[in-house]
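Source file coords.cif; content: mmCIF, C-alpha atoms.
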```cif
data_start
#
loop_
_atom_site.label_atom_id
_atom_site.label_comp_id
_atom_site.auth_asym_id
_atom_site.auth_seq_id
_atom_site.Cartn_x
_atom_site.Cartn_y
_atom_site.Cartn_z
CA MET Y 1 73.60 29.92 111.39
CA ASN Y 2 76.03 30.19 114.32
CA LYS Y 3 74.57 32.47 117.02
CA LYS Y 4 77.96 33.86 117.97
CA LEU Y 5 78.41 34.95 114.36
CA LEU Y 6 75.04 36.72 114.45
CA ILE Y 7 76.01 38.53 117.65
CA ARG Y 8 79.28 39.65 116.08
CA TYR Y 9 77.28 40.91 113.08
CA ILE Y 10 75.06 42.97 115.41
CA GLU Y 11 78.20 44.36 117.06
CA GLY Y 12 79.62 45.28 113.63
CA SER Y 13 82.78 43.19 114.08
CA LEU Y 14 82.51 40.85 111.08
CA THR Y 15 84.80 40.84 108.06
CA GLY Y 16 83.41 41.60 104.61
CA ASP Y 17 82.87 37.97 103.56
CA GLU Y 18 81.38 37.00 106.93
CA LYS Y 19 79.02 39.98 106.78
CA ILE Y 20 77.82 39.03 103.29
CA SER Y 21 77.27 35.43 104.41
CA VAL Y 22 75.16 36.51 107.39
CA GLU Y 23 73.10 38.95 105.33
CA LYS Y 24 72.33 36.25 102.75
CA TRP Y 25 71.19 33.94 105.55
CA ILE Y 26 68.94 36.63 107.07
CA LEU Y 27 67.30 37.40 103.73
CA SER Y 28 66.84 33.75 102.78
CA SER Y 29 63.59 33.29 104.76
CA ASP Y 30 61.03 35.10 106.91
CA MET Y 31 61.88 32.77 109.80
CA ASN Y 32 65.56 33.72 109.66
CA ARG Y 33 64.71 37.43 109.51
CA LYS Y 34 62.37 37.17 112.49
CA TYR Y 35 64.95 35.24 114.51
CA PHE Y 36 67.64 37.82 113.76
CA PHE Y 37 65.21 40.63 114.63
CA GLU Y 38 64.46 39.05 118.03
CA LEU Y 39 68.14 38.35 118.74
CA LYS Y 40 69.06 41.95 117.98
CA SER Y 41 66.32 43.23 120.28
CA LEU Y 42 67.62 40.95 123.02
CA TYR Y 43 71.14 42.29 122.50
CA VAL Y 44 70.01 45.93 122.72
CA LEU Y 45 68.00 45.28 125.89
CA ASP Y 46 70.92 43.43 127.44
CA ALA Y 47 73.26 46.28 126.58
CA VAL Y 48 70.97 48.86 128.21
CA ALA Y 49 70.44 46.74 131.31
CA ASN Y 50 74.22 46.22 131.60
CA GLU Y 51 75.45 49.52 130.19
CA ASN Y 52 78.74 49.36 132.12
CA SER Y 53 79.74 46.08 130.48
CA SER Y 54 82.19 45.95 127.62
CA PRO Y 55 81.12 44.49 124.23
CA ASP Y 56 83.30 41.42 124.91
CA GLN Y 57 81.58 40.84 128.27
CA ARG Y 58 78.14 41.19 126.69
CA HIS Y 59 79.18 38.84 123.87
CA MET Y 60 80.28 36.15 126.34
CA ARG Y 61 77.22 36.60 128.55
CA MET Y 62 74.76 36.41 125.66
CA ALA Y 63 76.54 33.43 124.14
CA ASP Y 64 76.16 31.61 127.44
CA GLU Y 65 72.56 32.70 127.92
CA ILE Y 66 71.32 31.62 124.51
CA LYS Y 67 73.40 28.47 124.22
CA GLY Y 68 71.13 25.65 123.19
CA LYS Y 69 68.13 27.91 122.69
CA GLY Y 70 67.81 27.71 118.93
CA LYS Y 71 64.09 28.21 118.64
CA THR Y 72 62.48 31.62 118.30
CA LYS Y 73 60.00 30.77 121.03
CA ASN Y 74 62.76 30.26 123.57
CA VAL Y 75 64.39 33.55 122.65
CA MET Y 76 61.09 35.35 123.15
CA MET Y 77 60.63 33.65 126.52
CA PHE Y 78 64.08 34.78 127.53
CA MET Y 79 63.27 38.33 126.44
CA TRP Y 80 60.24 38.26 128.70
CA TRP Y 81 62.39 37.00 131.58
CA ARG Y 82 64.79 39.86 130.92
CA TYR Y 83 61.91 42.28 131.33
CA ALA Y 84 60.83 40.68 134.57
CA ALA Y 85 64.37 40.71 135.96
CA ALA Y 86 65.61 44.16 134.94
CA ALA Y 87 64.23 47.12 136.84
CA VAL Y 88 65.24 49.28 133.89
CA PHE Y 89 62.29 47.97 131.93
CA VAL Y 90 59.67 46.93 134.46
CA ILE Y 91 58.32 49.49 136.91
CA SER Y 92 55.56 48.62 139.33
CA LEU Y 93 53.47 51.54 140.45
CA GLY Y 94 49.98 52.62 141.40
CA ILE Y 95 48.37 54.74 138.67
CA ASN Y 96 45.12 56.39 137.71
CA ILE Y 97 43.28 54.60 134.94
CA PHE Y 98 40.64 56.07 132.67
CA LEU Y 99 37.93 53.74 131.43
CA LEU Y 100 34.61 53.78 129.67
CA SER Y 101 31.82 52.21 131.71
CA GLY Y 102 28.29 51.15 130.95
CA GLY Y 103 26.73 48.19 129.16
CA GLY Y 104 23.91 47.11 126.95
CA GLN Y 105 24.18 50.10 124.60
CA ASP Y 106 24.15 49.90 120.85
CA GLU Y 107 27.66 49.90 119.36
CA ASN Y 108 27.05 53.39 117.96
CA THR Y 109 25.99 54.81 121.31
CA VAL Y 110 28.58 56.86 123.16
CA GLU Y 111 29.35 55.49 126.60
CA PRO Y 112 30.13 58.02 129.35
CA VAL Y 113 33.71 58.46 130.53
CA HIS Y 114 34.63 57.90 134.16
CA MET Y 115 37.92 57.96 136.00
CA VAL Y 116 38.88 55.28 138.48
CA ALA Y 117 41.04 56.54 141.35
CA ASP Y 118 43.19 53.41 141.39
CA ILE Y 119 43.08 49.76 140.48
CA PRO Y 120 41.47 47.66 143.23
CA ASP Y 121 43.64 45.09 145.01
CA SER Y 122 46.53 45.56 142.64
CA VAL Y 123 49.42 47.63 141.40
CA SER Y 124 50.20 48.17 137.74
CA THR Y 125 53.14 47.26 135.54
CA THR Y 126 54.77 49.56 133.01
CA ILE Y 127 57.04 48.12 130.33
CA TYR Y 128 59.17 50.38 128.16
CA THR Y 129 60.93 49.28 124.98
CA PRO Y 130 63.93 51.54 124.27
CA LYS Y 131 64.97 52.90 120.90
CA GLY Y 132 66.67 50.26 118.78
CA ALA Y 133 64.64 47.36 120.20
CA LYS Y 134 61.22 45.70 119.93
CA SER Y 135 59.48 43.44 122.45
CA ARG Y 136 56.65 41.01 123.01
CA VAL Y 137 54.47 41.40 126.12
CA GLU Y 138 51.87 38.97 127.44
CA LEU Y 139 49.04 40.62 129.38
CA PRO Y 140 47.37 39.03 132.44
CA ASP Y 141 44.46 37.71 130.35
CA GLY Y 142 46.71 35.97 127.81
CA SER Y 143 46.48 38.70 125.19
CA VAL Y 144 49.75 39.55 123.44
CA VAL Y 145 51.15 42.96 122.51
CA TRP Y 146 54.19 43.59 120.31
CA LEU Y 147 55.79 46.91 121.30
CA ASN Y 148 57.67 49.00 118.77
CA SER Y 149 60.79 50.98 119.67
CA ASP Y 150 60.44 53.85 122.16
CA SER Y 151 57.01 52.60 123.30
CA ARG Y 152 55.47 52.15 126.73
CA ILE Y 153 52.52 50.05 127.88
CA THR Y 154 50.86 50.11 131.31
CA TYR Y 155 48.37 47.55 132.60
CA PRO Y 156 47.16 46.20 135.98
CA ASN Y 157 48.70 43.01 137.30
CA ARG Y 158 45.15 41.68 137.46
CA PHE Y 159 42.40 43.00 135.22
CA ALA Y 160 39.13 44.15 136.78
CA SER Y 161 36.05 41.99 136.39
CA ASP Y 162 34.27 44.39 134.04
CA ARG Y 163 37.03 45.84 131.83
CA ARG Y 164 40.58 45.12 130.74
CA ASN Y 165 42.17 48.58 130.86
CA VAL Y 166 45.49 49.39 129.16
CA LEU Y 167 47.47 52.58 128.52
CA LEU Y 168 49.71 52.90 125.43
CA ASP Y 169 52.31 55.53 124.58
CA GLY Y 170 53.99 54.70 121.28
CA GLU Y 171 53.09 51.87 118.90
CA GLY Y 172 51.77 48.41 119.60
CA TYR Y 173 50.33 45.48 117.67
CA PHE Y 174 47.56 43.88 119.76
CA SER Y 175 46.33 40.30 119.58
CA VAL Y 176 43.49 40.43 122.09
CA LYS Y 177 42.08 37.27 123.65
CA SER Y 178 38.42 37.03 122.68
CA ASP Y 179 35.74 37.57 125.33
CA SER Y 180 32.52 39.29 124.24
CA LEU Y 181 31.53 40.00 127.85
CA TRP Y 182 34.92 41.31 128.94
CA PRO Y 183 36.07 44.12 126.62
CA MET Y 184 39.56 45.57 126.58
CA MET Y 185 39.86 49.36 126.61
CA ILE Y 186 43.12 50.90 125.41
CA ARG Y 187 43.77 54.57 125.99
CA ALA Y 188 46.24 56.28 123.64
CA LYS Y 189 46.51 60.04 124.25
CA ASP Y 190 42.86 61.20 124.26
CA VAL Y 191 41.64 58.33 122.08
CA TYR Y 192 40.03 55.17 123.44
CA VAL Y 193 39.91 51.89 121.52
CA MET Y 194 37.52 49.18 122.73
CA VAL Y 195 37.92 45.57 121.57
CA LYS Y 196 36.49 42.21 122.56
CA GLY Y 197 38.91 39.97 120.68
CA THR Y 198 40.78 41.04 117.57
CA GLU Y 199 44.11 41.97 116.02
CA PHE Y 200 44.98 45.57 115.26
CA ASN Y 201 47.81 48.09 115.22
CA LEU Y 202 47.69 51.25 117.33
CA ARG Y 203 50.18 54.10 116.92
CA ALA Y 204 50.16 57.08 119.30
CA TYR Y 205 53.59 58.58 119.90
CA GLU Y 206 53.61 61.63 122.15
CA ASN Y 207 55.73 63.64 119.70
CA GLU Y 208 53.40 62.95 116.76
CA SER Y 209 50.18 64.82 116.05
CA SER Y 210 48.00 61.82 115.19
CA VAL Y 211 46.67 58.56 116.59
CA SER Y 212 46.37 55.81 113.99
CA THR Y 213 44.37 52.58 114.30
CA THR Y 214 44.60 49.84 111.65
CA LEU Y 215 42.34 46.83 112.03
CA ILE Y 216 43.54 43.43 110.82
CA SER Y 217 40.66 41.18 111.92
CA GLY Y 218 37.54 41.36 114.07
CA LYS Y 219 36.11 44.74 115.08
CA VAL Y 220 37.24 47.71 117.11
CA THR Y 221 35.33 50.75 118.36
CA VAL Y 222 37.23 54.04 118.50
CA TYR Y 223 36.11 56.87 120.81
CA THR Y 224 37.37 60.36 119.99
CA LYS Y 225 36.78 63.53 122.01
CA ASN Y 226 34.27 66.02 120.63
CA GLU Y 227 35.11 69.33 122.27
CA GLU Y 228 32.04 71.14 120.96
CA ARG Y 229 29.63 68.67 122.57
CA ASP Y 230 31.96 67.81 125.45
CA ASP Y 231 31.29 64.23 124.48
CA TYR Y 232 32.75 61.39 122.40
CA ASP Y 233 32.29 60.44 118.76
CA VAL Y 234 32.13 56.73 117.99
CA THR Y 235 33.76 55.07 114.99
CA VAL Y 236 33.50 51.32 114.30
CA LEU Y 237 36.25 49.85 112.12
CA LYS Y 238 35.99 46.85 109.85
CA PRO Y 239 38.92 44.58 108.86
CA LYS Y 240 41.55 46.25 106.64
CA GLU Y 241 40.30 49.71 107.61
CA SER Y 242 42.48 52.45 109.04
CA PHE Y 243 41.40 55.49 111.05
CA VAL Y 244 43.67 58.46 111.76
CA VAL Y 245 42.71 60.93 114.47
CA GLU Y 246 44.51 64.30 114.27
CA GLU Y 247 45.06 66.80 117.06
CA ILE Y 248 43.28 69.34 114.84
CA PRO Y 249 39.77 67.79 114.53
CA GLU Y 250 39.18 69.29 111.09
CA LEU Y 251 42.02 67.17 109.70
CA THR Y 252 40.61 63.89 111.00
CA GLU Y 253 39.21 61.69 108.22
CA ARG Y 254 36.68 58.92 108.28
CA PRO Y 255 37.93 55.31 108.20
CA VAL Y 256 39.38 54.20 104.87
CA VAL Y 257 40.13 50.76 103.47
CA VAL Y 258 43.92 50.42 103.15
CA SER Y 259 45.44 48.01 100.67
CA ASP Y 260 48.82 48.21 102.43
CA TYR Y 261 47.47 47.33 105.88
CA LYS Y 262 50.04 44.53 106.24
CA GLU Y 263 52.83 47.01 105.61
CA LYS Y 264 51.60 49.12 108.53
CA THR Y 265 52.25 46.20 110.88
CA ALA Y 266 55.42 44.83 109.27
CA TRP Y 267 57.59 46.64 111.83
CA LYS Y 268 56.95 43.82 114.30
CA ASP Y 269 58.64 41.43 111.85
CA GLY Y 270 61.60 43.73 111.28
CA VAL Y 271 60.52 45.70 108.19
CA LEU Y 272 59.82 49.41 107.70
CA TYR Y 273 57.97 50.69 104.64
CA PHE Y 274 58.14 54.27 103.37
CA LYS Y 275 55.94 55.38 100.50
CA SER Y 276 56.48 59.00 99.52
CA THR Y 277 56.86 59.67 103.25
CA PRO Y 278 57.97 63.17 104.32
CA VAL Y 279 61.57 63.17 105.52
CA GLU Y 280 60.50 64.60 108.88
CA GLN Y 281 58.46 61.44 109.56
CA VAL Y 282 61.20 59.20 108.13
CA LEU Y 283 63.72 60.65 110.58
CA LYS Y 284 61.41 60.03 113.55
CA ASP Y 285 61.02 56.38 112.55
CA LEU Y 286 64.75 55.91 111.95
CA GLU Y 287 65.60 57.48 115.31
CA ARG Y 288 63.47 54.87 117.07
CA TRP Y 289 64.54 52.04 114.77
CA TYR Y 290 68.29 52.56 115.22
CA GLY Y 291 68.54 54.44 118.51
CA VAL Y 292 70.17 57.50 116.93
CA SER Y 293 69.34 61.20 116.92
CA PHE Y 294 69.27 63.49 113.88
CA VAL Y 295 70.48 67.08 113.60
CA VAL Y 296 69.24 68.87 110.46
CA LYS Y 297 71.50 71.73 109.37
CA ASP Y 298 69.59 72.79 106.24
CA PRO Y 299 65.78 73.29 106.32
CA GLY Y 300 65.71 72.18 102.67
CA VAL Y 301 66.21 68.60 103.90
CA TYR Y 302 62.54 68.59 104.91
CA ASP Y 303 61.44 69.29 101.32
CA TYR Y 304 62.05 65.67 100.31
CA ARG Y 305 59.92 62.54 100.49
CA PHE Y 306 61.30 59.04 100.80
CA THR Y 307 60.20 55.70 99.29
CA ALA Y 308 62.01 52.58 100.44
CA THR Y 309 61.76 49.21 102.19
CA VAL Y 310 64.10 49.01 105.20
CA TYR Y 311 64.92 45.64 106.75
CA GLU Y 312 66.06 45.26 110.34
CA GLN Y 313 69.51 43.98 109.35
CA ALA Y 314 70.26 47.07 107.22
CA SER Y 315 72.62 49.47 108.97
CA ILE Y 316 71.86 53.17 109.42
CA ASP Y 317 74.69 53.85 106.95
CA ASN Y 318 72.91 51.70 104.33
CA VAL Y 319 69.69 53.66 104.72
CA LEU Y 320 71.40 57.05 104.64
CA ASP Y 321 73.38 56.05 101.55
CA ILE Y 322 70.07 55.39 99.77
CA LEU Y 323 68.77 58.76 100.94
CA ARG Y 324 71.94 60.43 99.65
CA TYR Y 325 71.71 58.62 96.32
CA CYS Y 326 68.09 59.70 95.75
CA SER Y 327 68.49 63.35 96.79
CA LEU Y 328 70.91 66.17 97.55
CA ILE Y 329 70.88 65.17 101.22
CA ASP Y 330 74.25 64.23 102.69
CA TYR Y 331 75.22 63.13 106.19
CA ARG Y 332 77.88 62.77 108.85
CA ILE Y 333 77.77 60.27 111.72
CA ASP Y 334 79.39 60.81 115.09
CA LYS Y 335 78.60 57.81 117.31
CA THR Y 336 74.78 58.00 117.67
CA VAL Y 337 74.35 61.53 116.29
CA VAL Y 338 73.60 61.90 112.57
CA THR Y 339 73.95 65.36 111.00
CA LEU Y 340 72.04 65.98 107.76
CA PHE Y 341 72.83 68.77 105.29
CA LEU Y 342 72.41 69.56 101.58
CA ARG Y 343 75.21 69.13 99.10
CA LYS Y 344 76.13 72.39 97.40
#
```
Would you mind writing the file out in structure tokens?
Amino acid sequence: MNKKLLIRYIEGSLTGDEKISVEKWILSSDMNRKYFFELKSLYVLDAVANENSSPDQRHMRMADEIKGKGKTKNVMMFMWWRYAAAAVFVISLGINIFLLSGGGQDENTVEPVHMVADIPDSVSTTIYTPKGAKSRVELPDGSVVWLNSDSRITYPNRFASDRRNVLLDGEGYFSVKSDSLWPMMIRAKDVYVMVKGTEFNLRAYENESSVSTTLISGKVTVYTKNEERDDYDVTVLKPKESFVVEEIPELTERPVVVSDYKEKTAWKDGVLYFKSTPVEQVLKDLERWYGVSFVVKDPGVYDYRFTATVYEQASIDNVLDILRYCSLIDYRIDKTVVTLFLRK
């Protein structure tokens, strides 16, 4: 598929027949869908980093930049270079890092929490992925993190000798380089996740009430604050288990085996799954996915639940048309603002 044609599709400038042709190509294989997903993320990041450019200028610049780079790997490498080059996305700063210290304890023993004033001999890097984009980040130890839209990760430029400490705000899929003597500790809100080499998904958006961990392979240990004991509870997850920590402790449930664990991580490949999901949560995900904002005029909109599979190439209009077809919810779009109301 011609890359310039894909860029024009992302810009919404294709004719009807061209649009259908591109959509058929995207849906024809997982590889095509992933490549389109990465190209779209690159386009969004480029647009934000060069927000004063016209669409034609961005089209010409991207066509030049990706010329001859047909492989997904090269596109991902270029995305990483974009992060390194654009101050919009990479911010170096000194920060305070929380970590769990201690060794030799049983896996069900709670380790005490300490705070390190700063990271020795180093500064830290923060990478933010804006709404409407996804990204792939390689950590100093070779571990890889896929960041979902509107997500931020902070890590030292060089990990300490005893722990690999990371802060996450948003959603990330972690593929952690294995080292049984050098654990990684990820802090998400007030939850700590310790791993020594595994793959898992961690979701902890600031405007959501829960922190969700879904383990794909290996083992993770989750530490959650126990206010009554002024201590931490320890939960060890097994593969295909999910653990949701709520802000209200009484609502937190024990780990459960989830049959749809792959669907919880499909966002990194450009797919969103909704299964009887409350509209309030659907709107939060769509805001990040498409870089829009919703205004709800009728409270009755929140009475609905939504079941659908949304692919990255689907437009916001496509998704809202499905919502309108399945309910009394209607919509108006003004640039990046979507107003929802009920049909009378």
Practice prompt. Might you spell out which residues the PyMOL selection byres ((chain Y and resi 284) around 12) would select in the displayed file, as a count of residues only?
Written response: 26
Tell me which residues the PyMOL selection byres ((chain Y and resi 166) around 7) grabs here, as a PyMOL selection string. chain Y and resi 154-155+164-165+167-168+185-187
Just C-alpha atoms for this one: save the residues we selected as a short mmCIF file (atom, residue, chain, number, x, y, z; two decimals), keeping the file's coordinate frame.
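What ended up in result-v2.cif:
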```cif
data_model
loop_
_atom_site.label_atom_id
_atom_site.label_comp_id
_atom_site.auth_asym_id
_atom_site.auth_seq_id
_atom_site.Cartn_x
_atom_site.Cartn_y
_atom_site.Cartn_z
CA THR Y 154 50.86 50.11 131.31
CA TYR Y 155 48.37 47.55 132.60
CA ARG Y 164 40.58 45.12 130.74
CA ASN Y 165 42.17 48.58 130.86
CA LEU Y 167 47.47 52.58 128.52
CA LEU Y 168 49.71 52.90 125.43
CA MET Y 185 39.86 49.36 126.61
CA ILE Y 186 43.12 50.90 125.41
CA ARG Y 187 43.77 54.57 125.99
#
```
- Provide the CA of Arg158 in chain Y to CA of Pro130 in chain Y distance in Å, to one decimal place.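 Separation of CA of Arg158 in chain Y and CA of Pro130 in chain Y: 25.0 Å.
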Given the file shown, determine the residues that the PyMOL selection byres ((chain Y and resi 241) around 12) selects; report them as a ChimeraX atom specification. /Y:200-201,212-221,235-240,242-244,254-262,264
Q | One-decimal distance in Å that lies between CA of Cys326 in chain Y and CA of Val310 in chain Y | A |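 So the answer is 14.8 Å.
Between CA of Asp330 in chain Y and CA of Arg305 in chain Y the separation is 14.6 Å.
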Give the answer as one residue: which of Y:Gly270, Y:Pro140, Y:Gly197, Y:Pro156 has the shortest atom-to-atom distance to Lys40 in chain Y, using only C-alpha atoms?
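Looking at the shortest contact to Lys40 in chain Y, the residue is Y:Gly270.
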One residue among Y:Phe37, Y:Tyr223, Y:Tyr273, Y:Phe306 is nearest to Ala188 in chain Y when using all atoms listed in the file, and that residue is Y:Tyr223
